[in-house]
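This is run-v3.csv. It holds CSV, C-alpha atoms.
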chain,number,residue,atom,x,y,z
A,1,MET,CA,70.8,-3.2,-74.4
A,2,LEU,CA,73.1,-6.2,-73.9
A,3,THR,CA,74.9,-7.2,-70.8
A,4,HIS,CA,77.9,-8.3,-72.8
A,5,ASN,CA,78.7,-7.0,-76.3
A,6,GLN,CA,77.4,-6.5,-79.8
A,7,PRO,CA,79.1,-9.5,-81.4
A,8,MET,CA,77.3,-11.8,-79.0
A,9,MET,CA,74.0,-10.1,-80.0
A,10,THR,CA,74.8,-10.7,-83.7
A,11,GLU,CA,75.7,-14.3,-83.0
A,12,LEU,CA,72.4,-14.9,-81.1
A,13,LEU,CA,70.3,-13.4,-83.8
A,14,GLY,CA,72.2,-15.4,-86.4
A,15,ARG,CA,71.3,-18.6,-84.5
A,16,LEU,CA,67.7,-17.5,-84.2
A,17,ARG,CA,67.5,-17.5,-88.0
A,18,LEU,CA,68.6,-21.1,-88.4
A,19,GLN,CA,66.3,-23.6,-90.1
A,20,LYS,CA,63.2,-24.7,-88.1
A,21,LEU,CA,64.7,-28.1,-87.6
A,22,GLN,CA,67.5,-26.6,-85.6
A,23,ILE,CA,65.1,-24.3,-83.6
A,24,ASN,CA,63.0,-27.3,-82.9
A,25,GLY,CA,66.0,-29.3,-81.8
A,26,ALA,CA,66.9,-26.5,-79.3
A,27,ALA,CA,63.3,-26.5,-78.2
A,28,ASP,CA,63.5,-30.2,-77.4
A,29,LEU,CA,66.6,-29.6,-75.4
A,30,ALA,CA,65.0,-26.6,-73.6
A,31,SER,CA,61.9,-28.5,-72.8
A,32,ARG,CA,63.8,-30.9,-70.5
A,33,SER,CA,64.9,-28.0,-68.3
A,34,MET,CA,62.1,-25.5,-68.4
A,35,VAL,CA,59.5,-25.0,-65.7
A,36,SER,CA,55.8,-25.1,-66.5
A,37,ALA,CA,55.7,-21.3,-66.6
A,38,GLY,CA,57.8,-21.2,-69.6
A,39,ARG,CA,55.7,-23.6,-71.7
A,40,GLY,CA,53.4,-23.0,-74.6
A,41,PRO,CA,49.7,-23.6,-74.4
A,42,PHE,CA,49.9,-27.3,-75.2
A,43,GLY,CA,52.9,-28.2,-73.0
A,44,SER,CA,55.5,-27.6,-75.6
A,45,PRO,CA,58.1,-24.8,-75.0
A,46,SER,CA,57.1,-21.4,-76.2
A,47,ARG,CA,59.3,-19.5,-78.7
A,48,ARG,CA,60.1,-17.0,-76.0
A,49,SER,CA,61.6,-19.9,-73.9
A,50,VAL,CA,63.7,-21.1,-76.8
A,51,VAL,CA,65.1,-17.6,-77.3
A,52,LEU,CA,65.9,-17.2,-73.7
A,53,THR,CA,67.5,-20.6,-73.6
A,54,LEU,CA,69.7,-19.9,-76.6
A,55,GLY,CA,70.7,-16.6,-75.1
A,56,ALA,CA,71.7,-18.4,-71.9
A,57,PHE,CA,73.9,-20.8,-73.9
A,58,LEU,CA,75.7,-17.7,-75.3
A,59,GLY,CA,75.8,-15.8,-72.0
A,60,VAL,CA,73.7,-13.0,-73.4
A,61,THR,CA,70.7,-11.2,-71.8
A,62,LEU,CA,68.2,-9.5,-74.0
A,63,SER,CA,66.3,-6.4,-73.2
A,64,ALA,CA,62.5,-6.5,-73.7
A,65,PRO,CA,62.7,-4.7,-77.2
A,66,ALA,CA,65.6,-7.0,-78.3
A,67,LEU,CA,63.7,-10.0,-77.2
A,68,ALA,CA,60.6,-8.9,-79.1
A,69,ALA,CA,62.6,-8.2,-82.2
A,70,ALA,CA,64.2,-11.7,-82.1
A,71,LEU,CA,60.8,-13.3,-81.7
A,72,TRP,CA,59.3,-11.2,-84.5
A,73,ASP,CA,62.2,-12.1,-86.8
A,74,GLU,CA,61.1,-15.8,-86.5
A,75,GLY,CA,57.6,-14.9,-87.6
A,76,VAL,CA,56.0,-15.2,-84.1
A,77,ALA,CA,54.2,-12.2,-82.7
A,78,PRO,CA,55.7,-11.5,-79.2
A,79,ALA,CA,54.0,-10.3,-76.1
A,80,SER,CA,54.1,-6.5,-75.9
A,81,PRO,CA,57.2,-5.2,-74.1
A,82,VAL,CA,56.6,-3.0,-71.2
A,83,PRO,CA,56.6,0.6,-72.5
A,84,LEU,CA,59.2,3.1,-71.4
A,85,ALA,CA,61.3,0.5,-69.5
A,86,ASP,CA,64.5,1.3,-71.4
A,87,GLU,CA,63.8,5.0,-71.2
A,88,PHE,CA,63.5,4.7,-67.4
A,89,LEU,CA,66.9,3.0,-67.2
A,90,ARG,CA,68.4,5.8,-69.3
A,91,ASP,CA,66.7,8.8,-67.7
A,92,VAL,CA,66.0,8.1,-64.0
A,93,ALA,CA,68.5,8.0,-61.2
A,94,PRO,CA,69.0,6.9,-58.5
A,95,ARG,CA,67.4,3.5,-59.2
A,96,LEU,CA,66.7,0.4,-57.1
A,97,LEU,CA,67.3,-3.0,-58.6
A,98,LEU,CA,64.6,-5.3,-57.4
A,99,PRO,CA,64.9,-9.1,-57.9
A,100,ASP,CA,62.1,-10.8,-59.9
A,101,ASP,CA,60.4,-12.3,-56.9
A,102,GLU,CA,60.1,-8.8,-55.3
A,103,ARG,CA,58.7,-7.3,-58.5
A,104,THR,CA,56.1,-10.0,-58.7
A,105,ALA,CA,55.2,-9.7,-55.0
A,106,TYR,CA,54.7,-5.9,-55.3
A,107,ALA,CA,52.6,-6.4,-58.4
A,108,ALA,CA,50.3,-8.6,-56.4
A,109,ARG,CA,50.1,-5.9,-53.7
A,110,LEU,CA,49.3,-3.3,-56.3
A,111,GLN,CA,46.5,-5.3,-57.7
A,112,GLY,CA,45.2,-6.2,-54.3
A,113,ALA,CA,45.1,-2.5,-53.3
A,114,LEU,CA,43.2,-1.6,-56.5
A,115,THR,CA,40.7,-4.4,-55.9
A,116,ALA,CA,40.2,-3.4,-52.3
A,117,ALA,CA,39.5,0.2,-53.5
A,118,GLN,CA,37.1,-1.2,-56.2
A,119,VAL,CA,39.2,0.4,-58.9
A,120,THR,CA,38.9,-1.5,-62.2
A,121,LEU,CA,41.1,-0.4,-65.1
A,122,ALA,CA,39.5,-0.4,-68.5
A,123,ALA,CA,42.9,-0.6,-70.2
A,124,PRO,CA,46.6,-1.1,-69.3
A,125,GLN,CA,48.0,2.1,-67.8
A,126,PHE,CA,50.8,3.4,-65.6
A,127,VAL,CA,50.6,3.3,-61.8
A,128,VAL,CA,53.0,4.6,-59.2
A,129,LEU,CA,53.2,2.2,-56.2
A,130,VAL,CA,54.9,3.5,-53.0
A,131,ASP,CA,56.0,1.3,-50.1
A,132,ARG,CA,56.0,3.6,-47.0
A,133,SER,CA,57.7,1.0,-44.8
A,134,PRO,CA,60.5,2.7,-42.9
A,135,ASN,CA,62.8,-0.1,-44.0
A,136,VAL,CA,61.9,0.3,-47.7
A,137,GLN,CA,60.9,3.8,-48.7
A,138,ALA,CA,60.6,3.1,-52.4
A,139,ALA,CA,58.4,4.1,-55.4
A,140,LEU,CA,57.8,1.4,-58.1
A,141,LEU,CA,56.5,2.2,-61.5
A,142,TYR,CA,54.3,-0.4,-63.2
A,143,TRP,CA,52.3,-0.6,-66.4
A,144,GLY,CA,49.4,-2.9,-66.9
A,145,SER,CA,46.0,-4.0,-65.6
A,146,ALA,CA,44.3,-6.9,-63.9
A,147,GLU,CA,43.5,-8.5,-67.2
A,148,ARG,CA,46.9,-8.0,-68.8
A,149,GLY,CA,49.1,-8.4,-65.8
A,150,TRP,CA,51.6,-5.9,-64.4
A,151,GLY,CA,54.9,-5.1,-66.0
A,152,PHE,CA,57.6,-3.6,-63.9
A,153,ILE,CA,59.3,-0.5,-65.3
A,154,GLY,CA,61.7,0.6,-62.5
A,155,ALA,CA,62.0,1.8,-58.9
A,156,THR,CA,63.6,4.7,-57.0
A,157,PRO,CA,64.1,5.7,-53.4
A,158,VAL,CA,61.5,8.1,-51.9
A,159,SER,CA,60.8,9.8,-48.6
A,160,THR,CA,57.3,9.5,-47.0
A,161,GLY,CA,55.9,10.9,-43.8
A,162,LEU,CA,58.1,10.9,-40.7
A,163,PRO,CA,56.0,10.8,-37.5
A,164,GLY,CA,57.1,12.2,-34.2
A,165,LYS,CA,57.0,15.9,-35.1
A,166,PHE,CA,54.3,18.4,-34.9
A,167,GLU,CA,52.2,18.5,-38.2
A,168,HIS,CA,54.0,15.5,-39.5
A,169,PHE,CA,51.6,12.8,-40.8
A,170,LEU,CA,52.0,9.2,-41.8
A,171,THR,CA,51.6,9.0,-45.5
A,172,PRO,CA,48.2,7.5,-45.9
A,173,LEU,CA,47.6,4.0,-47.3
A,174,GLY,CA,45.3,3.4,-50.2
A,175,VAL,CA,44.6,4.4,-53.8
A,176,PHE,CA,44.6,8.1,-54.7
A,177,ASP,CA,43.2,9.6,-57.9
A,178,HIS,CA,45.2,12.2,-59.8
A,179,SER,CA,42.7,14.4,-61.5
A,180,LEU,CA,41.8,18.0,-62.4
A,181,THR,CA,39.6,18.2,-59.3
A,182,ASN,CA,42.9,19.0,-57.5
A,183,PRO,CA,45.0,20.8,-60.2
A,184,ASP,CA,48.8,20.4,-60.2
A,185,PHE,CA,51.1,23.4,-60.1
A,186,ARG,CA,54.9,23.9,-60.5
A,187,ALA,CA,57.6,24.8,-58.0
A,188,GLU,CA,58.9,28.4,-57.9
A,189,GLY,CA,62.2,27.2,-56.6
A,190,THR,CA,62.2,29.6,-53.7
A,191,LYS,CA,63.6,28.8,-50.2
A,192,ASN,CA,61.7,29.0,-46.9
A,193,GLU,CA,63.0,30.7,-43.8
A,194,LEU,CA,65.2,27.7,-43.2
A,195,GLY,CA,66.8,27.9,-46.7
A,196,PHE,CA,64.8,24.8,-47.8
A,197,ARG,CA,63.3,24.4,-51.2
A,198,GLY,CA,60.4,22.1,-50.3
A,199,TYR,CA,59.2,21.5,-53.8
A,200,GLY,CA,62.7,21.4,-55.4
A,201,VAL,CA,64.1,23.6,-58.1
A,202,LYS,CA,62.0,25.9,-60.2
A,203,GLY,CA,59.7,24.2,-62.7
A,204,MET,CA,59.3,20.9,-60.9
A,205,ARG,CA,55.8,19.6,-61.0
A,206,ILE,CA,53.7,19.0,-57.9
A,207,TYR,CA,51.2,16.1,-58.3
A,208,ASP,CA,48.2,17.0,-56.2
A,209,PHE,CA,45.9,14.3,-54.8
A,210,GLY,CA,43.8,16.6,-52.6
A,211,TRP,CA,42.8,16.5,-49.0
A,212,VAL,CA,42.9,13.0,-47.5
A,213,ALA,CA,42.4,11.5,-44.1
A,214,SER,CA,45.7,10.5,-42.6
A,215,PRO,CA,47.1,9.5,-39.1
A,216,ARG,CA,48.8,12.3,-37.3
A,217,GLY,CA,52.3,11.6,-36.3
A,218,TRP,CA,52.2,13.6,-33.1
A,219,GLY,CA,50.0,13.6,-30.0
A,220,LYS,CA,47.7,10.6,-29.7
A,221,GLY,CA,47.9,9.8,-33.4
A,222,ALA,CA,44.3,10.7,-34.2
A,223,MET,CA,43.2,11.0,-37.7
A,224,GLY,CA,43.6,14.4,-39.4
A,225,LYS,CA,43.5,16.0,-42.9
A,226,LEU,CA,46.6,16.0,-45.1
A,227,ARG,CA,47.1,17.6,-48.5
A,228,LEU,CA,48.6,14.6,-50.2
A,229,GLN,CA,51.2,15.6,-52.9
A,230,MET,CA,54.0,13.8,-54.7
A,231,HIS,CA,56.9,16.1,-55.6
A,232,SER,CA,60.6,16.7,-55.8
A,233,THR,CA,62.5,18.1,-52.9
A,234,ASP,CA,65.5,20.2,-52.0
A,235,PRO,CA,68.4,18.9,-54.2
A,236,VAL,CA,71.0,19.6,-51.5
A,237,LEU,CA,69.3,19.3,-48.1
A,238,ALA,CA,66.8,16.5,-48.8
A,239,ALA,CA,67.4,14.6,-52.0
A,240,PRO,CA,70.5,12.8,-50.6
A,241,ARG,CA,68.2,11.5,-47.8
A,242,LEU,CA,65.7,9.8,-50.2
A,243,GLY,CA,65.3,6.3,-49.0
A,244,THR,CA,64.4,7.3,-45.5
A,245,ALA,CA,61.2,8.8,-44.0
A,246,GLN,CA,61.6,12.5,-43.9
A,247,SER,CA,58.5,14.4,-45.1
A,248,GLU,CA,55.4,15.9,-43.4
A,249,GLY,CA,53.3,13.3,-45.1
A,250,CYS,CA,53.8,13.9,-48.8
A,251,VAL,CA,55.8,11.6,-51.1
A,252,ARG,CA,59.1,13.1,-52.0
A,253,ILE,CA,60.6,11.6,-55.2
A,254,PRO,CA,63.9,12.2,-57.2
A,255,ALA,CA,63.8,15.1,-59.6
A,256,THR,CA,64.6,12.7,-62.5
A,257,LEU,CA,61.5,10.6,-61.7
A,258,ASN,CA,59.4,13.8,-61.4
A,259,GLU,CA,60.6,14.8,-64.9
A,260,PHE,CA,60.1,11.4,-66.3
A,261,ILE,CA,56.5,11.1,-65.1
A,262,ASP,CA,55.9,14.7,-66.2
A,263,ARG,CA,57.4,14.5,-69.7
A,264,HIS,CA,55.6,11.3,-70.6
A,265,GLY,CA,52.3,12.2,-68.9
A,266,LEU,CA,52.3,8.9,-67.0
A,267,LEU,CA,49.6,10.0,-64.5
A,268,ASP,CA,47.8,12.5,-66.9
A,269,ASP,CA,44.8,10.5,-68.0
A,270,ASP,CA,42.4,13.2,-66.8
A,271,TYR,CA,44.6,16.0,-68.1
A,272,GLU,CA,44.9,14.5,-71.6
A,273,ARG,CA,41.2,14.0,-71.8
A,274,ALA,CA,40.7,17.7,-71.0
A,275,VAL,CA,43.2,18.6,-73.7
A,276,ALA,CA,41.5,16.3,-76.2
A,277,SER,CA,38.3,18.2,-75.4
A,278,GLY,CA,39.9,21.5,-76.3
A,279,ASP,CA,41.1,22.8,-72.9
A,280,THR,CA,44.5,24.5,-72.6
A,281,LEU,CA,46.3,23.5,-69.4
A,282,TRP,CA,49.3,25.7,-68.5
A,283,VAL,CA,50.8,23.1,-66.2
A,284,LEU,CA,51.5,20.6,-69.0
A,285,ARG,CA,55.0,21.1,-70.4
A,286,LYS,CA,55.2,22.1,-74.1
A,287,ASP,CA,57.8,19.6,-74.9
A,288,ARG,CA,55.9,16.6,-73.4
A,289,THR,CA,55.7,13.3,-75.3
A,290,PRO,CA,52.6,11.9,-73.8
A,291,THR,CA,52.1,8.1,-73.5
A,292,PRO,CA,49.1,6.6,-75.3
A,293,SER,CA,48.2,4.8,-72.1
A,294,PRO,CA,48.3,7.3,-69.3
A,295,GLY,CA,47.2,6.4,-65.8
A,296,ARG,CA,45.9,8.4,-62.8
A,297,TYR,CA,46.6,6.5,-59.6
A,298,LEU,CA,49.1,6.6,-56.8
A,299,VAL,CA,49.0,3.5,-54.6
A,300,VAL,CA,50.5,3.5,-51.2
A,301,VAL,CA,51.2,0.2,-49.3
A,302,GLU,CA,53.3,-0.9,-46.3
A,303,THR,CA,55.1,-4.2,-46.2
A,304,GLN,CA,56.0,-3.8,-42.5
A,305,ARG,CA,59.4,-5.2,-43.0
A,306,THR,CA,61.5,-5.7,-39.9
A,307,GLU,CA,64.8,-5.6,-41.9
A,308,ARG,CA,65.9,-3.5,-44.8
A,309,PRO,CA,66.1,-5.5,-48.0
A,310,ALA,CA,69.5,-5.5,-49.8
A,311,TRP,CA,67.9,-3.9,-52.9
A,312,SER,CA,66.9,-0.8,-50.9
A,313,PRO,CA,70.1,0.4,-49.2
A,314,LEU,CA,70.2,3.3,-46.8
A,315,PRO,CA,71.3,6.5,-48.4
A,316,VAL,CA,74.8,7.7,-47.6
A,317,LYS,CA,73.3,10.8,-45.9
A,318,VAL,CA,70.7,10.0,-43.3

Turn the structure described in the file into structure tokens.
Amino acid sequence: MLTHNQPMMTELLGRLRLQKLQINGAADLASRSMVSAGRGPFGSPSRRSVVLTLGAFLGVTLSAPALAAALWDEGVAPASPVPLADEFLRDVAPRLLLPDDERTAYAARLQGALTAAQVTLAAPQFVVLVDRSPNVQAALLYWGSAERGWGFIGATPVSTGLPGKFEHFLTPLGVFDHSLTNPDFRAEGTKNELGFRGYGVKGMRIYDFGWVASPRGWGKGAMGKLRLQMHSTDPVLAAPRLGTAQSEGCVRIPATLNEFIDRHGLLDDDYERAVASGDTLWVLRKDRTPTPSPGRYLVVVETQRTERPAWSPLPVKV
């Protein structure tokens, strides 16, 4: 995807196919303005940096796949692009547009939470990170590992626990395993006595993380037991309020994010292992296109922000 137009992309790729002398000349020019993070292993600019610099000269921004293609065209194996990033942009809404420094800071928090929980990932995989801070209320999807690093895929507004009401818990902090020990199920789409479809429309998946300890949001705030789930919510009465704390302790997410995680099996590591062993699991959709690197963890943090960041605006309906 380009931020300008296809002719500019064609012009950029044409320049990338120039003789090595011309590329090296651009590299010399780029090296005088690049920070150390953009350099190759011996202090010379990396080919990635050259491509990005040429793109800047043309006013073109490359997506990860386009950048990888440009690098490969020059005979240099690129770093692997983050999987499903473009699909997230196409299929998930609403989205939050985090600046690079925020993406990096949240990646550090994610890895810090995994380390604190003594969770070591054997291979890169998908992880859902939630910031329960009242001034944020966001889910961020990452792919990676401690060894590879963390690639940002996208972010959406969510609703976590709203204290102050009976049987309303604070969404607990920590790392929560998604496994067949607590099997998922699907919404029936029925309304309660208040006309509220708590799990959203029929067919939406409920990701179940089991019974966990969590602070009560009423009384003296003692610890209690919460059935932690991540799920869609009423499309009329609650979805417009995503981005604010509203739930009884679960994590409410947009229906499009629910479908995205479900269709690609992003948290289905345990489920896919069972299928590979010959099990038949009714909860898995028949039209799924499972990722080859599924994960299994929901990570909840709190940044304790005193002000709402510009990239996470309040919803119109609060």

| said: Between A:Ala255, A:Leu298, A:Leu141, A:Val175, which residue has the minimum interatomic distance to Val82 in chain A, considering all atoms listed in the file? | reply: A:Leu141

| field | Counting all atoms listed in the file, the residue of A:Leu242, A:Asn258, A:Arg227, A:Thr280 that sits nearest Arg186 in chain A | value |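 That would be A:Asn258, the residue with the smallest distance to Arg186 in chain A.
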
| message | Using only C-alpha atoms, can you tell me which of A:Thr160, A:Arg216, A:Pro183, A:Thr291 comes closest to Thr233 in chain A? | response | A:Thr160

| said: Report, in Å with one decimal, the straight-line distance from CA of Met230 in chain A to CA of Arg252 in chain A. | reply: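 We find that CA of Met230 in chain A and CA of Arg252 in chain A lie 5.8 Å from each other.
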
| request: Please indicate the distance in Å from CA of Arg148 in chain A to CA of Val92 in chain A, rounded to one decimal place. | output: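 Separating CA of Arg148 in chain A from CA of Val92 in chain A is a distance of 25.4 Å.
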
| Just how far from CA of Phe176 in chain A is CA of Thr306 in chain A, in Å to one decimal? |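 Calculated distance between CA of Thr306 in chain A and CA of Phe176 in chain A is 26.4 Å.
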
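Of the listed residues (A:Tyr199, A:Trp150, A:Trp211, A:Phe169), A:Tyr199 comes nearest to Ile253 in chain A; the distances count all atoms listed in the file.
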
| said: Please list as a list of chain:residue names every residue within 10 Å of Glu259 in chain A, counting all atoms listed in the file and excluding residues in the same chain fewer than 4 positions away. | reply: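 Everything that qualifies: A:Asp91, A:Val92, A:Gly203, A:Met204, A:Arg205, A:Ser232, A:Pro254, A:Ala255, A:Arg263, A:His264, A:Gly265, A:Arg288.
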
| task | Taking the point (63.5, -0.5, -56.3) as given in the file, collect each protein or nucleic acid residue that comes within 10 Å of it, counting all atoms listed in the file, and present the set as a PyMOL selection string. | result | chain A and resi 94-99+102-103+131+136-141+153-158+311-313

Select from range 130-235 of chain A every residue with an atom at most 7 Å from any atom of range 108-126 of chain A, then for each give the shortest pair of atoms and their distance in Å to one decimal, using all atoms listed in the file, rows by chain and rising number, as a Markdown table.
| residue | atom | partner | partner_atom | distance |
| --- | --- | --- | --- | --- |
| A:Tyr142 | CA | A:Phe126 | CA | 5.7 |
| A:Trp143 | CA | A:Phe126 | CA | 4.3 |
| A:Gly144 | CA | A:Pro124 | CA | 4.1 |
| A:Ser145 | CA | A:Pro124 | CA | 4.7 |
| A:Ala146 | CA | A:Gln111 | CA | 6.8 |
| A:Arg148 | CA | A:Pro124 | CA | 6.9 |
| A:Gly174 | CA | A:Ala113 | CA | 6.7 |
| A:Val175 | CA | A:Ala117 | CA | 6.6 |

Write a file of the just-selected residues containing C-alpha atoms, as an mmCIF file, in the frame of the given file.
data_model
loop_
_atom_site.group_PDB
_atom_site.id
_atom_site.type_symbol
_atom_site.label_atom_id
_atom_site.label_comp_id
_atom_site.auth_asym_id
_atom_site.auth_seq_id
_atom_site.Cartn_x
_atom_site.Cartn_y
_atom_site.Cartn_z
ATOM 1 C CA TYR A 142 54.300 -0.400 -63.200
ATOM 2 C CA TRP A 143 52.300 -0.600 -66.400
ATOM 3 C CA GLY A 144 49.400 -2.900 -66.900
ATOM 4 C CA SER A 145 46.000 -4.000 -65.600
ATOM 5 C CA ALA A 146 44.300 -6.900 -63.900
ATOM 6 C CA ARG A 148 46.900 -8.000 -68.800
ATOM 7 C CA GLY A 174 45.300 3.400 -50.200
ATOM 8 C CA VAL A 175 44.600 4.400 -53.800
#

Could you give me, as JSON lines, every range 114-136 of chain A residue with an atom at most 12 Å from range 243-251 of chain A, plus its closest atom pair and distance in Å to one decimal, counting all atoms listed in the file, rows ordered by chain then number?
{"residue": "A:Val128", "atom": "CA", "partner": "A:Val251", "partner_atom": "CA", "distance": 11.1}
{"residue": "A:Leu129", "atom": "CA", "partner": "A:Val251", "partner_atom": "CA", "distance": 11.0}
{"residue": "A:Val130", "atom": "CA", "partner": "A:Val251", "partner_atom": "CA", "distance": 8.4}
{"residue": "A:Asp131", "atom": "CA", "partner": "A:Val251", "partner_atom": "CA", "distance": 10.4}
{"residue": "A:Arg132", "atom": "CA", "partner": "A:Ala245", "partner_atom": "CA", "distance": 7.9}
{"residue": "A:Ser133", "atom": "CA", "partner": "A:Ala245", "partner_atom": "CA", "distance": 8.6}
{"residue": "A:Pro134", "atom": "CA", "partner": "A:Ala245", "partner_atom": "CA", "distance": 6.2}
{"residue": "A:Asn135", "atom": "CA", "partner": "A:Thr244", "partner_atom": "CA", "distance": 7.7}
{"residue": "A:Val136", "atom": "CA", "partner": "A:Gly243", "partner_atom": "CA", "distance": 7.0}

| request: Counting all atoms listed in the file, figure out which residue out of A:Leu314, A:Ala274, A:Ala85, A:Ile261 gets nearest to Gly295 in chain A. | output: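 The closest residue to Gly295 in chain A is A:Ile261.
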